Amino acid sequence: MSLLSQLDQIFVLLQHWVAGFFPTWLQPFVGTVLAVVGIVAAFPGIFAVTTVLERKGLGRIQNRLGPNRVGPFGFFQPVADGIKSLTKEDIVPFTADGLVHFLAPVVLVVAVFLGFAVLPIGRNMVLANMDAGLLFFFAIGASTELSVFMAGWSSRNKYSLLGAMRAVAQMISYEVPLLLSATVIVMMTGSLSTVKIVEAQGGFTGFLPHWYVFTPWGFAGFVLFVIAALAETNRSPFDLPEGESELVAGYFTEYSGFKFALFFLGEYLGMFSIAGFAITLFLGGWGAPFSFLGFVPSWGWFFLKLLGAIALFIWLRGTLPRLRQDQLMNFAWKFMLPMTLLNLVVAGAWRFMGEGILRWLICSAVLLAAYVLLGRVLMRHQKLGPRSYRYAE
Amino acid sequence: MKSTEEILAMIQAALPAAHVELVLNPSPSAQHSLRVAPADAFAVASFLRESVELALDYCSNVTGVDWPDKEITEKVKVTQLVDGEEKVVEETVKRIEPGCLEAVYHLYSMRRAHEAIAGPVVLRMRTVNRTDQVQLPSLTFVWRAAEFQEREIFDLFGIVFTGHPDLRRILMWDEFEDHPMRRDYVDPDDYEYEPTPHDEVLKRAEAQSKSAGVTA
Amino acid sequence: MTPLAAFLIVAALVFAIGLAIALTRRNAILVLIGIELMLNAANLNLIAFWRFGPHPELLTGMMFAIFSISVAAAEAAVGLGLVIAYHRHARTTDLDTMTRMKG
Amino acid sequence: MSTADMKVYRPPVIDIIEEGDELLEVAMGPHHPSTHGVFRMDVALDGERVIRLKPVFGYLHRNHEKIAEKASYLAAMPYTDRLDYFCSLTNNWAYALAVEKLAGLEVPERAEYIRVITAELTRIQNHASSIGFLMQEMGASGTPLMYAFRERERILDLFEELTGSRMMCNYMRFGGCRVELPTGWLAKAQTIVDGLPKFIDEIEALLTGNEILMARCQGMGILKPDLAINAGVTGPMLRATGVNYDLRKVDHYGIYDRFKFRVPLGDHGDIFDRYMIRVLEMRESVTILHQAIKDIPAGPIMDPKSKIRGFRPKPGEAYGRIEAPKGELGFYLISDGSGNPYRYRVRPPSLINLTILEDMCLGHNVADVVLIFGSVDIVLGEVDR
Amino acid sequence: MLGEGMLKGLAETAKNFAGSFVSKDRLTTVQYPEERAPVIENTRDFPFLVYDGADDASDEAKLAGLRCVACQICEKECPPKCIYIVKSTDKKPDYVGKPQIYPARFDIDISVCMSCQICVEVCPFEAIKMDTEFELSTTDRFGGLLYDREQLARSNQHYHKIHPTEAAEVDARLAEEKAKSEAKAKAAAEAAALKAAAAAAPKPVVPAAIEQKEPTA
Amino acid sequence: MIPTVFGLTLPFLIIAALTIAGAVAAALLRNLVHCALSLTITFAGLALLYLNLEAQFAGFVQMLVYIGAVAILVVFAILLTRGAGMPEYRSYSSNWLLGLILAAATFAVLTWAVTRSLPATAASAAPAVTVQGIGVSLMTTYVMPLEIVAILLTVALIGAVIVAMPESKKEGQQ
């Protein structure tokens, strides 16, 4: 085994090595525990780094410096934040439903962590290579809604309740396009297994990889998936459930201290897992972007891509204002849903059109035309558009 | 733009029964005003707004002025019986000129704004006295702009505007009792504590928490 | 390995509880919940029989369960829609007072 | 003239809510993050639709008018800074203008130019920050606000150099200005003014074409011109409804007649128009600034008749008003010949522009209420006084 | 209209993101304790009392050099009424040598002061000026920010340091006034001398005041 | 490997207990939202039981449909009908005793039938159920039911929307 491939498999080897100290019948169990520990350690670590990067990135977008006081370049800021939130008083409203109020963040974090189980982080690096892995991810993702509802309802705060209602309505609505845009990939790969999906994108033409994003339907699917993912994780411009200018902090208005931190963690982990799935489905997972870069460890690519996706999310957050609830719903049902359905059709057509430039042209043209048409109709329907102004001398 | 005298003449021509008088302003600004009897105020105000020539459709400023009771010392010659014979004696008499509260409306025209330099047309109304429940007719239905400003006058001066759709305190809290812009207002001794609606809120919360479940 | 009977008894228990909810609770939504529970119990039976049956590779039981789940979802949507529609008229979800069929 | 056929602009009447109607009563404020200070709106919601909204003021009330009536004419000047703390220089000007009318003072030409320059700079920084706040309300995570503040910072530096303070300028005096321009100030102002169009372009590139912004703003919170006039709404809010009423053009106060500038007017009276009118007004202000900085003459900056100590105008009254960035700012003064004003009244544009807040918000979403409220552009220091 | 507005916005923020690394001009924030914004000459914060004398003079010398004559105009005009003055019962000569009342007590409650500069404007004696010191936090809420004469006194050199142009003008004006009053005193003395000479020389009394006068800084 | 109690594996016991507990709680709790939340526990338990039975696909579908959709729907319905938080004035029906007896009888009969009729069969070796296999059989053997279910779902969707739609038009006509 060459050094590079050893580096590629370093975590797998490490896992086997540690598990080797245990009796044979315990080894699978220990291996699983090790992998879980790895995930549970790694992603909150990324969460910590991301909070700093997000604040610094937003700062730079806004011509500020961002946090730079704690530690070198402010990178110990999450430590300070963590200590702060752990030592803060845990306030439970007087009239709150104590048990549900407590369970809500726990349920969220647990559900979100479960989603990582089927995420292939690198070659041979997936906790559970399930046959129905993608379905598992969506099933788990659906249960986060419940925790959001629990948080909002149990706080006995009107803002929380409004935020929870918004969040749940939004998550349910966007689950449909999310699922449908991922279905394209399932159609093409013929498998719900995340590992197989990544492997299907492993080849190269020349030095360009066979990522699904480089096909018309893949690109459309990717864009739609990212939009739905933003909505699903309540990120800007779909951050209505916690829109601080309207609902104070939405469903976690009444949370403080550690529970608030848990919510925060859950939100970011949800973002990572969904970004990870966007990478897995459309961006070739842990595959290298160019054939000559194959020597870099696969997990390195995965995390690099994850970082890129997070940067995109931050960039969008720094730029876009927030939508309104009914617009959000309209967007989901009137734009996202038709587009995803059309994308399914286009993907099917692609499959049966054979090789050649023609299918590229036709598929792109159909998607583009539908996009332009739909967008125009929607904008005109709402009487939106640029305006001119008159002047009085 | 017409001078105040001309406007007065127009009002008198249109509403002969209305009591309107001219109040001169001696300062260099020369913004003279019209004092209207409260009973006629609504008719006069409506006329000013609807009149095509004046079109005073914009009420810029509404405010109150407090004119407290003035003690006037005068020397009066009185015939008196002094030592059995009548004499004319000079005597100082203290007379109290009753004060009043005044509401002042500054009107402009937006529709005819660009035709000439428009000074404000000033409309004033006086209450009878300055006891607690003095009343003036509200002009909110003529100019919506007066809505909050009349509330403010009610709050700070204590003029009750009859016919105002929503006459509540606006700047001071509801439990406050005095009218701080009156000239005889005395600061309360201890302004740290004033009853607030919060006590009631607490009470309600307690009652709610006693019943097992609480409405969301 | 857990015997088939254990699954069936669990299913029977869930079914009985669902039935009890449907029959004893007054709130229309809770009655719907009870019906959902009964359906679920049936699904569990289907899957258990599929697993312990002679031909698990034929997928019959599982297919049945999957179809049943989809139908149950439709049932829940329509049922809850009805409850909400009724509530809009009569302002109640209490089955004992739901006596009118006209809006 | 019968008053029966007169059109009445009634405030919305609170409907008697039926028993069992599912209303959610929310108190937005006083410490809600989007109320621009301590302001409360008692909102009744049906789902998320607003069916009643009552603004509640007074959390910042300090009885500015009473304080000023107890102090001398001069001592009221620094308090005017604190009315609308974003635009202290225009507040100063309005008060100085009222006193000048009351006492019949003449302002030297150079002082008038200085006033115009500072007032237009104030207008630009106010409009820029108000757009930033509006976007903040819309959830743009502060980016436009930070850009606006970056530019505002430069303008505030200018103010500090001239007046000694960034926000509480206390610069204008009855019959002129307090101090002469420091050397090199005009050149510095020129460079900053030259940079402003680039900043406005940047803000426009970031926002004007943005589809989300259009969807959020167009057709929201529409105000009809009739109601706007009747409710005494002024400033960019009024002009967004299409009413051509700019006091700089109407009252010809100061020396605004000498400058060539246009008054932008909107046609819809919605949030987007208010936003665009502010942007366009900033551009017009830049042209005024260019002209003023070019033409400013030398000369004295104070009317020799005016006095700093022992200022006692003759009895009488005066109402002076200017076009402040937020609308018509008026001061009504009654003098009884003493050193204190007998009656001192501020006509706050922020408060009166809020009169029709409920009319604009009814039927909209909670999220829109926040936006509509943001588009009114108020400062609580002025509303509560 | 189909997302290009958003793309334009994204390009704008990207430009700013990159620009913040390249041009220092974009970043307007100042990293406060380490960095400081440049001092602007006209900046005003809180008032101080000017005394003529050395920078590090003793408290007595400071008080002796105070230009303030306790005329109480600033106390009257101060909008938030944060100045408290007690007049002295005795008199001492001011910088032109005229015997003047001095403040036996001069307190400014900095926590109330709103930095409006009106005290400076109304002062006929150039005795109170605005400082640029703004780091005044204390732990004592009530007493800590109530400054008395000693704390308020700053030398004329300090004034020159923070507001050079203004201070130069003030000094010129004072020098002129002083010259005028000296000339006047001289003229008066001469007139007195003449008078005395005419009245067969009784001893002149007035010049004593001039001898007593202290040198101005 | 896995410890057993009374011949039942421990995971099964835990899951079954959870399922039953959730159902019992849904039957007994007074607060409707609590009922709905405990119901989700039951749903989750059932999904886990499916997994226990090696019906992976069915388990995930159960999770997706019941926890992700039905439970949320129930909760929404409770909120929309103002049932949230209000303890029921009288949460049990007037003839609750009859219902309880009926339910108990059903359980007794079912248990009796189960214990009497079934021989203790052991499960055959776990079949290799791939998603692909399910898909293939959905499209071949079960294509007719699939289509019928699809139609049913569409009809149900439209029906639910129409039923729940506010009757604004009718009011407008009046």
# chains A, B, ... in the order shown; residues from 1 in each chain; ligands from 1
call {"tool": "closest_atom_pairs", "arguments": {"of": "chain D", "to": "chain E", "cutoff": "10 Å", "atoms": "only C-alpha atoms", "output": "JSON lines"}}
result
{"residue": "D:Ile67", "atom": "CA", "partner": "E:Pro79", "partner_atom": "CA", "distance": 8.7}
{"residue": "D:Ala68", "atom": "CA", "partner": "E:Pro79", "partner_atom": "CA", "distance": 8.6}
{"residue": "D:Lys70", "atom": "CA", "partner": "E:Pro79", "partner_atom": "CA", "distance": 9.5}
{"residue": "D:Ala71", "atom": "CA", "partner": "E:Pro79", "partner_atom": "CA", "distance": 6.6}
{"residue": "D:Ser72", "atom": "CA", "partner": "E:Glu77", "partner_atom": "CA", "distance": 7.0}
{"residue": "D:Tyr73", "atom": "CA", "partner": "E:Glu77", "partner_atom": "CA", "distance": 9.6}
{"residue": "D:Leu74", "atom": "CA", "partner": "E:Glu77", "partner_atom": "CA", "distance": 7.9}
{"residue": "D:Ala75", "atom": "CA", "partner": "E:Pro79", "partner_atom": "CA", "distance": 4.8}
{"residue": "D:Ala76", "atom": "CA", "partner": "E:Pro79", "partner_atom": "CA", "distance": 6.9}
{"residue": "D:Met77", "atom": "CA", "partner": "E:Pro79", "partner_atom": "CA", "distance": 8.8}
{"residue": "D:Pro78", "atom": "CA", "partner": "E:Cys116", "partner_atom": "CA", "distance": 5.8}
{"residue": "D:Tyr79", "atom": "CA", "partner": "E:Pro79", "partner_atom": "CA", "distance": 8.0}
{"residue": "D:Asp81", "atom": "CA", "partner": "E:Cys116", "partner_atom": "CA", "distance": 9.5}
{"residue": "D:Thr143", "atom": "CA", "partner": "E:Thr13", "partner_atom": "CA", "distance": 8.3}
{"residue": "D:Pro144", "atom": "CA", "partner": "E:Thr13", "partner_atom": "CA", "distance": 9.6}
{"residue": "D:Met146", "atom": "CA", "partner": "E:Thr28", "partner_atom": "CA", "distance": 9.9}
{"residue": "D:Tyr147", "atom": "CA", "partner": "E:Arg26", "partner_atom": "CA", "distance": 9.3}
{"residue": "D:Phe149", "atom": "CA", "partner": "E:Thr28", "partner_atom": "CA", "distance": 9.1}
{"residue": "D:Arg150", "atom": "CA", "partner": "E:Thr28", "partner_atom": "CA", "distance": 6.2}
{"residue": "D:Glu151", "atom": "CA", "partner": "E:Thr28", "partner_atom": "CA", "distance": 9.0}
{"residue": "D:Glu153", "atom": "CA", "partner": "E:Thr28", "partner_atom": "CA", "distance": 7.6}
{"residue": "D:Arg154", "atom": "CA", "partner": "E:Thr28", "partner_atom": "CA", "distance": 8.7}
{"residue": "D:Asp157", "atom": "CA", "partner": "E:Ile40", "partner_atom": "CA", "distance": 8.5}
{"residue": "D:Leu158", "atom": "CA", "partner": "E:Ile40", "partner_atom": "CA", "distance": 9.7}
{"residue": "D:Phe159", "atom": "CA", "partner": "E:Asn42", "partner_atom": "CA", "distance": 9.7}
{"residue": "D:Glu160", "atom": "CA", "partner": "E:Thr43", "partner_atom": "CA", "distance": 6.2}
{"residue": "D:Glu161", "atom": "CA", "partner": "E:Asn42", "partner_atom": "CA", "distance": 5.5}
{"residue": "D:Leu162", "atom": "CA", "partner": "E:Asn42", "partner_atom": "CA", "distance": 6.7}
{"residue": "D:Thr163", "atom": "CA", "partner": "E:Asn42", "partner_atom": "CA", "distance": 6.7}
{"residue": "D:Gly164", "atom": "CA", "partner": "E:Thr43", "partner_atom": "CA", "distance": 3.9}
{"residue": "D:Ser165", "atom": "CA", "partner": "E:Thr43", "partner_atom": "CA", "distance": 5.9}
{"residue": "D:Arg166", "atom": "CA", "partner": "E:Thr43", "partner_atom": "CA", "distance": 8.6}
{"residue": "D:Met168", "atom": "CA", "partner": "E:Cys116", "partner_atom": "CA", "distance": 7.7}
{"residue": "D:Cys169", "atom": "CA", "partner": "E:Cys116", "partner_atom": "CA", "distance": 7.9}
{"residue": "D:Asn170", "atom": "CA", "partner": "E:Cys116", "partner_atom": "CA", "distance": 6.4}
{"residue": "D:Tyr171", "atom": "CA", "partner": "E:Cys116", "partner_atom": "CA", "distance": 9.3}
{"residue": "D:Arg178", "atom": "CA", "partner": "E:Glu121", "partner_atom": "CA", "distance": 8.9}
{"residue": "D:Pro182", "atom": "CA", "partner": "E:Asn42", "partner_atom": "CA", "distance": 8.6}
{"residue": "D:Glu202", "atom": "CA", "partner": "E:Glu12", "partner_atom": "CA", "distance": 7.1}
{"residue": "D:Ile203", "atom": "CA", "partner": "E:Glu12", "partner_atom": "CA", "distance": 8.8}
{"residue": "D:Glu204", "atom": "CA", "partner": "E:Gly9", "partner_atom": "CA", "distance": 8.8}
{"residue": "D:Ala205", "atom": "CA", "partner": "E:Gly9", "partner_atom": "CA", "distance": 6.0}
{"residue": "D:Leu206", "atom": "CA", "partner": "E:Gly9", "partner_atom": "CA", "distance": 4.0}
{"residue": "D:Leu207", "atom": "CA", "partner": "E:Gly9", "partner_atom": "CA", "distance": 6.6}
{"residue": "D:Thr208", "atom": "CA", "partner": "E:Gly5", "partner_atom": "CA", "distance": 7.6}
{"residue": "D:Gly209", "atom": "CA", "partner": "E:Gly5", "partner_atom": "CA", "distance": 4.4}
{"residue": "D:Asn210", "atom": "CA", "partner": "E:Gly5", "partner_atom": "CA", "distance": 4.3}
{"residue": "D:Glu211", "atom": "CA", "partner": "E:Gly5", "partner_atom": "CA", "distance": 6.1}
{"residue": "D:Ile212", "atom": "CA", "partner": "E:Met6", "partner_atom": "CA", "distance": 8.0}
{"residue": "D:Leu213", "atom": "CA", "partner": "E:Met6", "partner_atom": "CA", "distance": 9.4}
{"residue": "D:Met214", "atom": "CA", "partner": "E:Met1", "partner_atom": "CA", "distance": 9.6}
{"residue": "D:Ile308", "atom": "CA", "partner": "E:Val122", "partner_atom": "CA", "distance": 6.7}
{"residue": "D:Arg309", "atom": "CA", "partner": "E:Val122", "partner_atom": "CA", "distance": 6.3}
{"residue": "D:Gly310", "atom": "CA", "partner": "E:Glu77", "partner_atom": "CA", "distance": 9.7}
call {"tool": "interface_residues", "arguments": {"of": "chain A", "to": "chain D", "cutoff": "10 Å", "atoms": "only C-alpha atoms", "output": "VMD selection string"}}
result
chain A and resid 58 to 64 157 to 159 162 165 to 166 236 to 240 243 to 249 316 to 327 379 382 to 393
call {"tool": "atom_distance", "arguments": {"atom1": "atom CA of Pro120 of chain B", "atom2": "atom CA of Gly104 of chain D"}}
result
16.9 Å
call {"tool": "residues_around", "arguments": {"residues": "segment 123-128 of chain D", "least_positions_apart": "4", "cutoff": "6 Å", "atoms": "only C-alpha atoms", "output": "PDB file with all heavy atoms, in the first residue's frame"}}
result
ATOM      1  N   ALA D 148     -23.877  51.624   4.480  1.00  0.00           N
ATOM      2  CA  ALA D 148     -24.388  52.962   4.748  1.00  0.00           C
ATOM      3  C   ALA D 148     -23.611  53.606   5.886  1.00  0.00           C
ATOM      4  O   ALA D 148     -23.259  54.781   5.824  1.00  0.00           O
ATOM      5  CB  ALA D 148     -25.872  52.889   5.100  1.00  0.00           C
ATOM      6  N   ARG D 152     -21.559  56.988   6.219  1.00  0.00           N
ATOM      7  CA  ARG D 152     -22.003  57.917   7.244  1.00  0.00           C
ATOM      8  C   ARG D 152     -20.825  58.335   8.127  1.00  0.00           C
ATOM      9  O   ARG D 152     -20.713  59.484   8.546  1.00  0.00           O
ATOM     10  CB  ARG D 152     -23.069  57.228   8.096  1.00  0.00           C
ATOM     11  CG  ARG D 152     -23.566  58.028   9.238  1.00  0.00           C
ATOM     12  CD  ARG D 152     -24.793  57.389   9.845  1.00  0.00           C
ATOM     13  NE  ARG D 152     -25.236  58.156  10.986  1.00  0.00           N
ATOM     14  CZ  ARG D 152     -25.012  57.793  12.246  1.00  0.00           C
ATOM     15  NH1 ARG D 152     -24.377  56.698  12.511  1.00  0.00           N
ATOM     16  NH2 ARG D 152     -25.434  58.550  13.226  1.00  0.00           N
ATOM     17  N   ARG D 278     -35.828  57.761  -1.546  1.00  0.00           N
ATOM     18  CA  ARG D 278     -34.675  58.108  -0.706  1.00  0.00           C
ATOM     19  C   ARG D 278     -33.399  58.029  -1.512  1.00  0.00           C
ATOM     20  O   ARG D 278     -32.528  58.899  -1.412  1.00  0.00           O
ATOM     21  CB  ARG D 278     -34.612  57.181   0.508  1.00  0.00           C
ATOM     22  CG  ARG D 278     -35.772  57.418   1.426  1.00  0.00           C
ATOM     23  CD  ARG D 278     -35.504  57.050   2.868  1.00  0.00           C
ATOM     24  NE  ARG D 278     -36.620  57.551   3.668  1.00  0.00           N
ATOM     25  CZ  ARG D 278     -37.662  56.800   4.024  1.00  0.00           C
ATOM     26  NH1 ARG D 278     -37.697  55.540   3.732  1.00  0.00           N
ATOM     27  NH2 ARG D 278     -38.645  57.341   4.716  1.00  0.00           N
ATOM     28  N   MET D 282     -30.981  61.217  -2.423  1.00  0.00           N
ATOM     29  CA  MET D 282     -29.539  61.291  -2.123  1.00  0.00           C
ATOM     30  C   MET D 282     -28.795  61.811  -3.340  1.00  0.00           C
ATOM     31  O   MET D 282     -27.899  62.650  -3.218  1.00  0.00           O
ATOM     32  CB  MET D 282     -29.014  59.908  -1.744  1.00  0.00           C
ATOM     33  CG  MET D 282     -29.365  59.492  -0.350  1.00  0.00           C
ATOM     34  SD  MET D 282     -28.297  58.183   0.221  1.00  0.00           S
ATOM     35  CE  MET D 282     -29.066  56.757  -0.450  1.00  0.00           C
ATOM     36  N   PRO D 325     -34.743  65.599   6.828  1.00  0.00           N
ATOM     37  CA  PRO D 325     -34.705  64.348   6.058  1.00  0.00           C
ATOM     38  C   PRO D 325     -35.928  63.477   6.249  1.00  0.00           C
ATOM     39  O   PRO D 325     -36.322  62.756   5.363  1.00  0.00           O
ATOM     40  CB  PRO D 325     -33.459  63.658   6.591  1.00  0.00           C
ATOM     41  CG  PRO D 325     -32.597  64.747   7.059  1.00  0.00           C
ATOM     42  CD  PRO D 325     -33.501  65.818   7.559  1.00  0.00           C
TER      43      PRO D 325
END
call {"tool": "closest_residue", "arguments": {"among": "D:His61, D:Arg173, D:Lys101, D:Arg283", "to": "Met302 of chain D", "atoms": "only C-alpha atoms"}}
result
D:Arg173
call {"tool": "select_by_dssp", "arguments": {"residues": "segment 102-218 of chain A", "states": "strand (DSSP E or B)", "output": "ChimeraX atom specification"}}
result
/A:122,125,204-205,208-209
call {"tool": "select_by_dssp", "arguments": {"residues": "segment 18-138 of chain D", "states": "alpha helix (DSSP H)", "output": "VMD selection string"}}
result
chain D and resid 64 to 70 73 to 81 88 to 103 109 to 137
call {"tool": "atom_distance", "arguments": {"atom1": "atom CA of Met38 of chain C", "atom2": "atom CA of Leu80 of chain C"}}
result
16.6 Å
call {"tool": "atom_distance", "arguments": {"atom1": "atom CA of Gly285 of chain A", "atom2": "atom CA of Val198 of chain A"}}
result
5.4 Å
call {"tool": "residues_around", "arguments": {"residues": "Lys314 of chain D", "least_positions_apart": "3", "cutoff": "10 Å", "atoms": "only C-alpha atoms", "output": "list in words"}}
result
Pro26, Ser27 and Pro28 of chain B; Leu102, Ala103, Gly104, Phe311, Glu317, Ile334, Ser335, Asp336, Gly337, Ser338 and Gly339 of chain D
call {"tool": "residues_around", "arguments": {"residues": "Leu64 of chain F", "least_positions_apart": "3", "cutoff": "8 Å", "atoms": "only C-alpha atoms", "output": "PyMOL selection string"}}
result
(chain A and resi 138-140+142-143) or (chain F and resi 60-61+67-69)
call {"tool": "write_last_selection", "arguments": {"atoms": "N, CA, C and O atoms", "output": "JSON list (two decimals), in the first residue's frame"}}
result
[["chain", "number", "residue", "atom", "x", "y", "z"],
["A", 138, "PHE", "N", -33.58, 11.27, 4.51],
["A", 138, "PHE", "CA", -34.78, 12.12, 4.44],
["A", 138, "PHE", "C", -35.75, 11.79, 5.57],
["A", 138, "PHE", "O", -36.40, 12.69, 6.10],
["A", 139, "ALA", "N", -35.81, 10.52, 5.93],
["A", 139, "ALA", "CA", -36.70, 10.14, 7.04],
["A", 139, "ALA", "C", -36.25, 10.81, 8.33],
["A", 139, "ALA", "O", -37.06, 11.34, 9.10],
["A", 140, "ILE", "N", -34.93, 10.81, 8.55],
["A", 140, "ILE", "CA", -34.41, 11.45, 9.77],
["A", 140, "ILE", "C", -34.62, 12.95, 9.70],
["A", 140, "ILE", "O", -35.01, 13.60, 10.67],
["A", 142, "ALA", "N", -36.93, 14.50, 8.34],
["A", 142, "ALA", "CA", -38.32, 14.85, 8.60],
["A", 142, "ALA", "C", -38.58, 14.99, 10.08],
["A", 142, "ALA", "O", -39.44, 15.76, 10.50],
["A", 143, "SER", "N", -37.83, 14.24, 10.89],
["A", 143, "SER", "CA", -38.16, 14.27, 12.32],
["A", 143, "SER", "C", -37.61, 15.51, 13.02],
["A", 143, "SER", "O", -37.97, 15.76, 14.16],
["F", 60, "PHE", "N", -38.11, 2.90, 7.07],
["F", 60, "PHE", "CA", -37.80, 4.29, 6.72],
["F", 60, "PHE", "C", -39.03, 5.00, 6.19],
["F", 60, "PHE", "O", -39.25, 6.19, 6.48],
["F", 61, "VAL", "N", -39.83, 4.26, 5.42],
["F", 61, "VAL", "CA", -41.04, 4.89, 4.91],
["F", 61, "VAL", "C", -41.96, 5.24, 6.06],
["F", 61, "VAL", "O", -42.57, 6.32, 6.11],
["F", 67, "ILE", "N", -43.75, 10.08, 11.08],
["F", 67, "ILE", "CA", -43.17, 11.12, 11.94],
["F", 67, "ILE", "C", -43.09, 12.43, 11.18],
["F", 67, "ILE", "O", -43.43, 13.49, 11.68],
["F", 68, "GLY", "N", -42.65, 12.31, 9.92],
["F", 68, "GLY", "CA", -42.44, 13.53, 9.15],
["F", 68, "GLY", "C", -43.72, 14.18, 8.71],
["F", 68, "GLY", "O", -43.79, 15.40, 8.57],
["F", 69, "ALA", "N", -44.74, 13.40, 8.46],
["F", 69, "ALA", "CA", -45.95, 14.00, 7.88],
["F", 69, "ALA", "C", -47.16, 13.89, 8.79],
["F", 69, "ALA", "O", -47.74, 14.90, 9.17]]
call {"tool": "interface_residues", "arguments": {"of": "chain A", "to": "chain F", "cutoff": "9 Å", "atoms": "only C-alpha atoms", "output": "list in words"}}
result
Trp25, Val100, Met130, Asp131, Ala132, Leu135, Phe136, Phe138, Ala139, Ile140, Gly141, Ala142, Ser143, Thr144, Glu145, Leu146, Phe149, Met150, Trp153, Met165, Val168, Ile172, Gly190, Ser191 and Leu192 of chain A
call {"tool": "residues_around", "arguments": {"residues": "segment 116-118 of chain D", "least_positions_apart": "6", "cutoff": "9 Å", "atoms": "only C-alpha atoms", "output": "list in words"}}
result
Leu89, Thr90, Phe159, Gly254, Ile255, Tyr256, Ile288, Leu289, Ala292 and Ile293 of chain D
